[in-house]
Structure formats: C-alpha cells, structure tokens
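The file data.cif comes next; it holds mmCIF, C-alpha atoms and all ligand atoms.
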```cif
data_final
loop_
_atom_site.label_atom_id
_atom_site.label_comp_id
_atom_site.auth_asym_id
_atom_site.auth_seq_id
_atom_site.Cartn_x
_atom_site.Cartn_y
_atom_site.Cartn_z
CA MET A 12 25.23 12.71 -7.45
CA PRO A 13 21.51 13.36 -7.84
CA ILE A 14 20.57 9.91 -9.17
CA PHE A 15 20.71 7.69 -6.13
CA PHE A 16 19.34 4.48 -7.62
CA GLN A 17 18.23 3.48 -11.08
CA HIS A 18 16.70 0.27 -12.33
CA ASP A 19 15.61 -0.54 -15.87
CA ILE A 20 13.03 -3.22 -15.16
CA ASP A 21 12.25 -4.19 -18.75
CA GLY A 22 12.30 -2.54 -22.16
CA ASP A 23 9.15 -0.57 -21.27
CA THR A 24 9.54 0.07 -17.54
CA ARG A 25 12.07 2.14 -15.59
CA LEU A 26 12.45 3.48 -12.09
CA ALA A 27 14.82 5.89 -10.37
CA VAL A 28 15.41 7.58 -7.03
CA TRP A 29 16.80 11.11 -6.88
CA LYS A 30 18.56 12.62 -3.87
CA ILE A 31 17.35 16.21 -3.97
CA GLU A 32 20.33 18.53 -3.62
CA GLU A 33 19.47 21.08 -6.30
CA GLU A 34 17.71 24.42 -6.03
CA GLU A 35 14.12 24.62 -7.20
CA ALA A 36 15.10 26.35 -10.47
CA PHE A 37 16.98 23.24 -11.61
CA PHE A 38 13.72 21.29 -11.70
CA SER A 39 11.30 24.06 -12.61
CA GLU A 40 13.22 24.80 -15.80
CA MET A 41 12.00 21.45 -17.16
CA VAL A 42 8.79 20.88 -15.20
CA PRO A 43 5.54 22.83 -15.48
CA LEU A 44 4.02 23.46 -12.04
CA GLN A 45 0.32 22.70 -12.57
CA ARG A 46 -0.91 23.70 -9.13
CA SER A 47 0.26 26.05 -6.43
CA ILE A 48 2.30 24.47 -3.60
CA THR A 49 3.09 26.95 -0.85
CA HIS A 50 5.70 25.05 1.14
CA PRO A 51 9.11 25.39 -0.63
CA HIS A 52 10.38 21.92 0.34
CA LYS A 53 7.14 20.23 -0.71
CA ARG A 54 7.26 22.17 -3.99
CA ARG A 55 10.82 20.98 -4.62
CA GLN A 56 9.80 17.38 -3.84
CA HIS A 57 6.86 17.64 -6.22
CA LEU A 58 9.00 19.12 -9.00
CA ALA A 59 11.72 16.50 -8.47
CA GLY A 60 9.14 13.70 -8.83
CA ARG A 61 7.91 15.09 -12.14
CA PHE A 62 11.50 15.75 -13.24
CA LEU A 63 12.28 12.06 -12.71
CA LEU A 64 9.54 11.09 -15.17
CA TYR A 65 11.29 13.24 -17.75
CA TYR A 66 14.65 11.74 -16.72
CA LEU A 67 13.32 8.20 -17.20
CA PHE A 68 11.59 8.93 -20.50
CA PRO A 69 12.72 12.23 -22.09
CA GLN A 70 9.62 12.20 -24.29
CA PHE A 71 7.26 11.95 -21.27
CA PRO A 72 4.45 14.52 -21.81
CA LEU A 73 4.61 16.26 -18.42
CA SER A 74 2.22 19.03 -19.42
CA LEU A 75 -0.53 16.47 -20.16
CA ILE A 76 -0.61 15.04 -16.62
CA GLN A 77 -4.07 15.21 -15.10
CA ILE A 78 -5.14 14.67 -11.50
CA ALA A 79 -8.01 12.29 -10.69
CA ASP A 80 -10.53 12.87 -7.87
CA THR A 81 -8.45 10.43 -5.82
CA ARG A 82 -5.46 12.77 -6.47
CA LYS A 83 -3.74 10.11 -8.56
CA PRO A 84 -1.86 11.73 -11.45
CA PHE A 85 -2.42 10.11 -14.83
CA LEU A 86 -2.24 10.57 -18.59
CA ARG A 87 -5.57 10.36 -20.34
CA ASP A 88 -4.21 8.32 -23.27
CA GLU A 89 -2.20 6.07 -20.90
CA ALA A 90 0.88 6.46 -23.09
CA TYR A 91 2.68 5.89 -19.79
CA HIS A 92 1.57 4.42 -16.49
CA PHE A 93 3.50 6.07 -13.70
CA SER A 94 3.77 6.57 -9.98
CA ILE A 95 5.66 9.07 -7.82
CA SER A 96 6.75 9.27 -4.19
CA HIS A 97 8.82 11.68 -2.12
CA CYS A 98 10.10 11.67 1.42
CA GLY A 99 12.69 13.92 3.06
CA ASP A 100 15.28 14.67 0.41
CA TYR A 101 14.35 11.73 -1.80
CA ALA A 102 12.07 11.56 -4.79
CA ALA A 103 11.24 8.29 -6.53
CA ALA A 104 9.35 7.58 -9.74
CA ILE A 105 8.48 4.59 -11.86
CA ALA A 106 7.06 4.76 -15.37
CA SER A 107 6.05 2.16 -17.92
CA ARG A 108 4.78 2.24 -21.48
CA SER A 109 2.73 -0.91 -20.96
CA ARG A 110 2.38 -2.06 -17.34
CA ARG A 111 0.57 -0.72 -14.28
CA VAL A 112 2.94 0.45 -11.57
CA GLY A 113 3.09 1.78 -8.02
CA ILE A 114 6.00 3.12 -5.96
CA ASP A 115 6.65 4.44 -2.48
CA ILE A 116 9.71 5.66 -0.62
CA GLU A 117 9.52 6.05 3.13
CA LEU A 118 11.78 7.08 6.00
CA PRO A 119 11.31 5.57 9.48
CA SER A 120 9.11 7.68 11.74
CA GLU A 121 7.47 7.39 15.14
CA LYS A 122 4.12 7.86 13.45
CA LEU A 123 4.41 4.40 11.88
CA GLY A 124 4.72 2.87 15.36
CA ARG A 125 1.60 4.75 16.47
CA ILE A 126 -0.54 3.60 13.52
CA ARG A 127 0.85 0.07 13.12
CA GLU A 128 -2.39 -1.54 14.27
CA LYS A 129 -4.37 0.50 11.77
CA PHE A 130 -2.41 -0.62 8.74
CA LEU A 131 -1.26 -4.14 9.67
CA HIS A 132 -3.62 -7.07 10.02
CA PRO A 133 -2.80 -9.01 13.27
CA SER A 134 -1.80 -12.15 11.33
CA GLU A 135 0.35 -10.07 9.04
CA ALA A 136 2.05 -8.30 11.97
CA ASP A 137 3.04 -11.70 13.44
CA ALA A 138 4.48 -12.87 10.13
CA MET A 139 6.30 -9.55 9.69
CA ASN A 140 7.95 -9.90 13.10
CA ARG A 141 8.99 -13.50 12.54
CA GLY A 142 10.74 -12.92 9.20
CA GLN A 143 14.14 -11.35 8.44
CA ALA A 144 15.68 -11.69 11.90
CA SER A 145 18.60 -9.45 10.94
CA MET A 146 16.36 -6.47 10.14
CA GLU A 147 15.42 -4.01 12.89
CA GLU A 148 11.77 -3.77 13.86
CA MET A 149 11.45 -0.15 12.70
CA SER A 150 12.94 -1.06 9.30
CA LYS A 151 10.39 -3.86 8.89
CA LEU A 152 7.56 -1.52 9.83
CA THR A 153 8.77 1.15 7.42
CA LEU A 154 9.11 -1.44 4.66
CA PHE A 155 5.64 -2.94 5.14
CA TRP A 156 4.09 0.54 5.23
CA SER A 157 5.97 1.51 2.09
CA ALA A 158 4.82 -1.69 0.36
CA LYS A 159 1.19 -0.95 1.25
CA GLU A 160 1.43 2.64 0.02
CA ALA A 161 2.89 1.32 -3.25
CA VAL A 162 -0.06 -1.08 -3.57
CA PHE A 163 -2.48 1.78 -2.78
CA LYS A 164 -0.95 3.85 -5.60
CA TRP A 165 -0.87 0.87 -7.98
CA TRP A 166 -4.62 0.37 -7.35
CA GLY A 167 -5.20 4.09 -7.85
CA HIS A 168 -8.97 4.19 -7.16
CA GLY A 169 -8.82 5.05 -3.44
CA GLY A 170 -11.28 3.66 -0.87
CA VAL A 171 -8.78 1.19 0.57
CA ASP A 172 -8.69 -0.27 4.07
CA PHE A 173 -4.97 -0.93 4.47
CA SER A 174 -5.18 -3.75 7.04
CA GLU A 175 -8.07 -5.65 5.44
CA MET A 176 -7.60 -5.14 1.71
CA ILE A 177 -3.83 -5.09 1.33
CA ARG A 178 -1.70 -7.91 2.72
CA ILE A 179 2.07 -8.15 2.61
CA ALA A 180 4.25 -11.18 3.40
CA TRP A 181 7.95 -11.87 3.10
CA GLY A 182 8.92 -13.20 -0.31
CA LYS A 183 11.20 -16.08 -1.18
CA ALA A 184 14.28 -13.93 -1.77
CA ASP A 185 15.90 -10.78 -0.45
CA GLY A 186 14.31 -7.75 -2.07
CA LEU A 187 11.03 -9.54 -2.62
CA LEU A 188 7.70 -9.39 -0.79
CA GLN A 189 4.45 -11.06 -1.70
CA GLY A 190 1.50 -8.69 -1.94
CA SER A 191 -2.21 -9.19 -2.33
CA PHE A 192 -5.11 -6.82 -2.82
CA GLN A 193 -8.77 -7.57 -2.42
CA LYS A 194 -11.70 -5.21 -2.80
CA GLY A 195 -15.12 -6.58 -3.71
CA ASP A 196 -14.67 -8.79 -6.77
CA ALA A 197 -11.20 -7.39 -7.46
CA ARG A 198 -8.53 -9.83 -6.27
CA PHE A 199 -4.88 -9.67 -7.19
CA SER A 200 -1.71 -11.31 -6.02
CA PHE A 201 1.67 -10.03 -7.12
CA PRO A 202 5.32 -9.61 -6.15
CA VAL A 203 6.30 -6.37 -4.40
CA HIS A 204 9.95 -5.49 -4.91
CA TYR A 205 11.94 -3.55 -2.35
CA ARG A 206 15.28 -2.08 -1.59
CA MET A 207 16.52 -0.70 1.74
CA MET A 208 18.72 2.32 0.97
CA ASP A 209 20.45 4.20 3.77
CA GLU A 210 17.49 4.27 6.17
CA ALA A 211 14.79 4.67 3.51
CA ALA A 212 12.61 1.83 2.29
CA LEU A 213 11.72 1.79 -1.39
CA ALA A 214 8.91 -0.52 -2.60
CA TRP A 215 7.48 -0.91 -6.08
CA ILE A 216 5.00 -2.98 -8.04
CA VAL A 217 4.85 -3.70 -11.74
CA TYR A 218 1.74 -5.74 -12.42
CA PRO A 219 0.50 -7.32 -14.58
C1 LIG A 301 -1.85 9.40 -1.54
C2 LIG A 301 -0.83 8.89 -0.57
C3 LIG A 301 -0.57 7.41 -0.86
C4 LIG A 301 0.45 9.69 -0.69
O1 LIG A 301 1.42 9.16 0.12
P1 LIG A 301 2.46 10.10 0.91
O2 LIG A 301 3.37 9.21 1.68
O3 LIG A 301 1.72 11.16 1.62
O4 LIG A 301 3.26 10.81 -0.20
P2 LIG A 301 4.19 10.24 -1.35
O5 LIG A 301 5.23 11.27 -1.55
O6 LIG A 301 4.65 8.86 -1.14
O7 LIG A 301 3.23 10.24 -2.60
C5 LIG A 301 2.73 11.41 -3.13
C6 LIG A 301 2.46 11.19 -4.59
O8 LIG A 301 1.54 10.12 -4.75
C7 LIG A 301 0.75 10.38 -5.92
N1 LIG A 301 -0.63 10.18 -5.53
C8 LIG A 301 -1.42 10.99 -4.79
N2 LIG A 301 -2.61 10.40 -4.63
C9 LIG A 301 -2.57 9.21 -5.26
C10 LIG A 301 -3.53 8.16 -5.45
N3 LIG A 301 -4.76 8.21 -4.96
N4 LIG A 301 -3.16 7.07 -6.17
C11 LIG A 301 -1.92 7.00 -6.72
N5 LIG A 301 -0.97 7.97 -6.55
C12 LIG A 301 -1.31 9.07 -5.84
C13 LIG A 301 1.11 11.78 -6.41
O9 LIG A 301 1.99 11.65 -7.49
C14 LIG A 301 1.81 12.38 -5.22
O10 LIG A 301 2.87 13.25 -5.54
P3 LIG A 301 2.65 14.63 -6.33
O11 LIG A 301 1.39 15.22 -5.80
O12 LIG A 301 3.87 15.43 -6.03
O13 LIG A 301 2.56 14.22 -7.77
C15 LIG A 301 -1.33 9.04 0.88
O14 LIG A 301 -1.45 10.38 1.18
C16 LIG A 301 -2.61 8.33 1.16
O15 LIG A 301 -3.67 8.85 0.92
N6 LIG A 301 -2.52 7.12 1.69
C17 LIG A 301 -3.63 6.32 2.00
C18 LIG A 301 -4.30 6.82 3.22
C19 LIG A 301 -4.93 5.74 4.00
O16 LIG A 301 -5.97 5.27 3.67
N7 LIG A 301 -4.26 5.31 5.02
C20 LIG A 301 -4.75 4.32 5.89
C21 LIG A 301 -3.61 3.85 6.69
S1 LIG A 301 -4.14 3.14 8.17
#
```
Can you dump the structure from the file as structure tokens?
Ligand SMILES: CC(C)(COP(=O)(O)OP(=O)(O)OC[C@H]1O[C@@H](n2cnc3c(N)ncnc32)[C@H](O)[C@@H]1OP(=O)(O)O)[C@@H](O)C(=O)NCCC(=O)NCCS
Amino acid sequence: MPIFFQHDIDGDTRLAVWKIEEEEAFFSEMVPLQRSITHPHKRRQHLAGRFLLYYLFPQFPLSLIQIADTRKPFLRDEAYHFSISHCGDYAAAIASRSRRVGIDIELPSEKLGRIREKFLHPSEADAMNRGQASMEEMSKLTLFWSAKEAVFKWWGHGGVDFSEMIRIAWGKADGLLQGSFQKGDARFSFPVHYRMMDEAALAWIVYP
C-alpha cells in the first residue's frame, strides 16, 4: 500500500505520506524531472515527493515548479503553497490552495544526537526532556528536529539559526507542539502538528 498516511486538513489543504515501494518508472511517468539527480534512491525520493503533489491535487502544475536561491520549490503564481520531505523509503508532501505550509519526515539517527546542542536551545532541551515521559529520548529528539525542519521550510527564506530563531515546546494535546519563529521583526507563533509513525516522526505546519 503506497499511501501510508493521508490527512485532509481543510477544504484547501491536504497532506500525505507515501511508502516508496515502486520502481522509478512508476513516478517518472507522471513527474517531469527538472534537474539531474545522479543517485538512484535520491532520484526516486525526489520523484515520489513531486508525485505526491499530483496525488493530493491532480491538477497541480508540476511542470511550473521553480526553485528559489534557497532551494525552496515554489509556484510563481502561488496557486498552491507546498512543501516536500523524504527520508529512507518515505516521501511526504503537503499542499494548500490558500495557506502557507511546511512539512518534514525524519528517521532517528545518531547524527541528531551529535548535533543536538546546535539545534536545541538549552531551555528548550530541558523542556523537551521533561515532557512526554512515555516517549524515548531518541524519538523526542527526532520529533523536535523534524518540527524545526518543518518550520524552516514553512519560513522558506533561509538564513535561520535553529536554536535561536525556532523554538518548539510540547503542546496541550497528543500530536500537538507549540512552535515559534523569530527573525528580526518577523515573529510568529503557531501550532506544529505531528504524528509518530513506525519509527519516523512527521511534523507539519499550516499557518496562518
Ligand atoms: C533544506 C533542508 C531543510 C532539507 O532537509 P532534508 O532533511 O535534507 O531533506 P528533506 O527530504 O526533508 O527535504 C528536502 C526537500 O525540501 C525542499 N526544500 C529544499 N530547500 C528548501 C528551503 N530552503 N525551504 C523550503 N523547502 C526546501 C525541497 O522540496 C526538497 O526536496 P526536493 O529537492 O526533492 O524537492 C535542509 O537541507 C536544510 O538546509 N536545513 C537547514 C540547515 C540548517 O541550517 N541547519 C542548522 C541545524 S543546527
């Protein structure tokens, strides 16, 4: 079953996660490859991400996707806001006709332990450890990283210090985090939604 998770957030906004089990040709039949990607697995991930946009909105104009200097993909007329992530055999995408979005899917890795002090503010690390006693430490770390990557993509302009500019806290319910972003005069506070699936953490933002 290629669709692993699907969530229609509102009339304009949808997200889905795909477990990649197909050969490249399955995706490339529908998806134009706009740049060369040498590594076959990375190419399949990339194609699966774009394929999901088409899956969510069959009229999505894939061939009109452009890439900003920050490497964020976008549509010039903003007919859809969208965000893509891939990790291992998963691809995730969120798209909206009206709202800004960000998504990230992440598998636990030793690297996250090595860089934890780079991406977590000390006060945030304490709060992360104190919350959700039933969740393993590596799952919490993976989730908070995934949430920050989703915020980074939602912001979309690059130049972000993860520990200073993005803060994540536990939300008031399961599946909910509280996120904030501050850069210069730009200040935002918003819910970050999440789902732990198998070992992967999925985080997404729809805001405003
Ligand atoms: C861009 C970035 C978020 C991608 O994350 P990743 O875990 O490597 O890869 P993901 O699969 O989750 O996401 C890749 C997708 O994000 C999208 N993307 C790339 N750059 C983006 C940007 N600047 N803004 C929004 N989306 C972006 C693309 O759709 C890309 O997939 P595609 O090329 O197949 O279309 C990441 O490489 C990055 O730059 N992170 C911030 C780095 C940083 O400052 N870290 C400090 C930590 S201490």
Across A:His97, A:Arg110, A:Lys159, A:Lys194, the smallest distance to ligand LIG 301 (chain A), with only C-alpha atoms and all ligand atoms counted, is shown by A:His97
Please, what is the axis-aligned box for every listed atom of ligand LIG 301 (chain A) with 4 Å on each side, as centre and edge lengths in Å to one decimal, as JSON?
```
{"center_x": -0.4, "center_y": 9.3, "center_z": 0.2, "size_x": 19.2, "size_y": 20.3, "size_z": 23.9}
```
What's around Ser200 (chain A) at 12 Å? Count only C-alpha atoms, leave out sequence neighbours fewer than 3 positions away in its own chain, and write the answer as a VMD selection string.
chain A and resid 162 176 to 180 188 to 193 197 203 216 to 219
Please identify every polymer residue within 8 Å of ligand LIG 301 (chain A), using only C-alpha atoms and all ligand atoms, and present the set as an NGL selection string. :A and (53-54 or 56-58 or 60-61 or 79-84 or 94-98 or 102 or 113-117 or 126-131 or 160-161 or 163-174)
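Around the point (13.0, 12.9, -8.2), within 7 Å and counting all atoms listed in the file, we find these residues: Val28, Trp29, Ile31, Ala59, Gly60, Arg61, Phe62, Leu63, Tyr101, Ala102, Ala103 and Ala104 of chain A.
The gap separating CA of Arg141 (chain A) from CA of Met208 (chain A) is 21.9 Å, in Å to one decimal.
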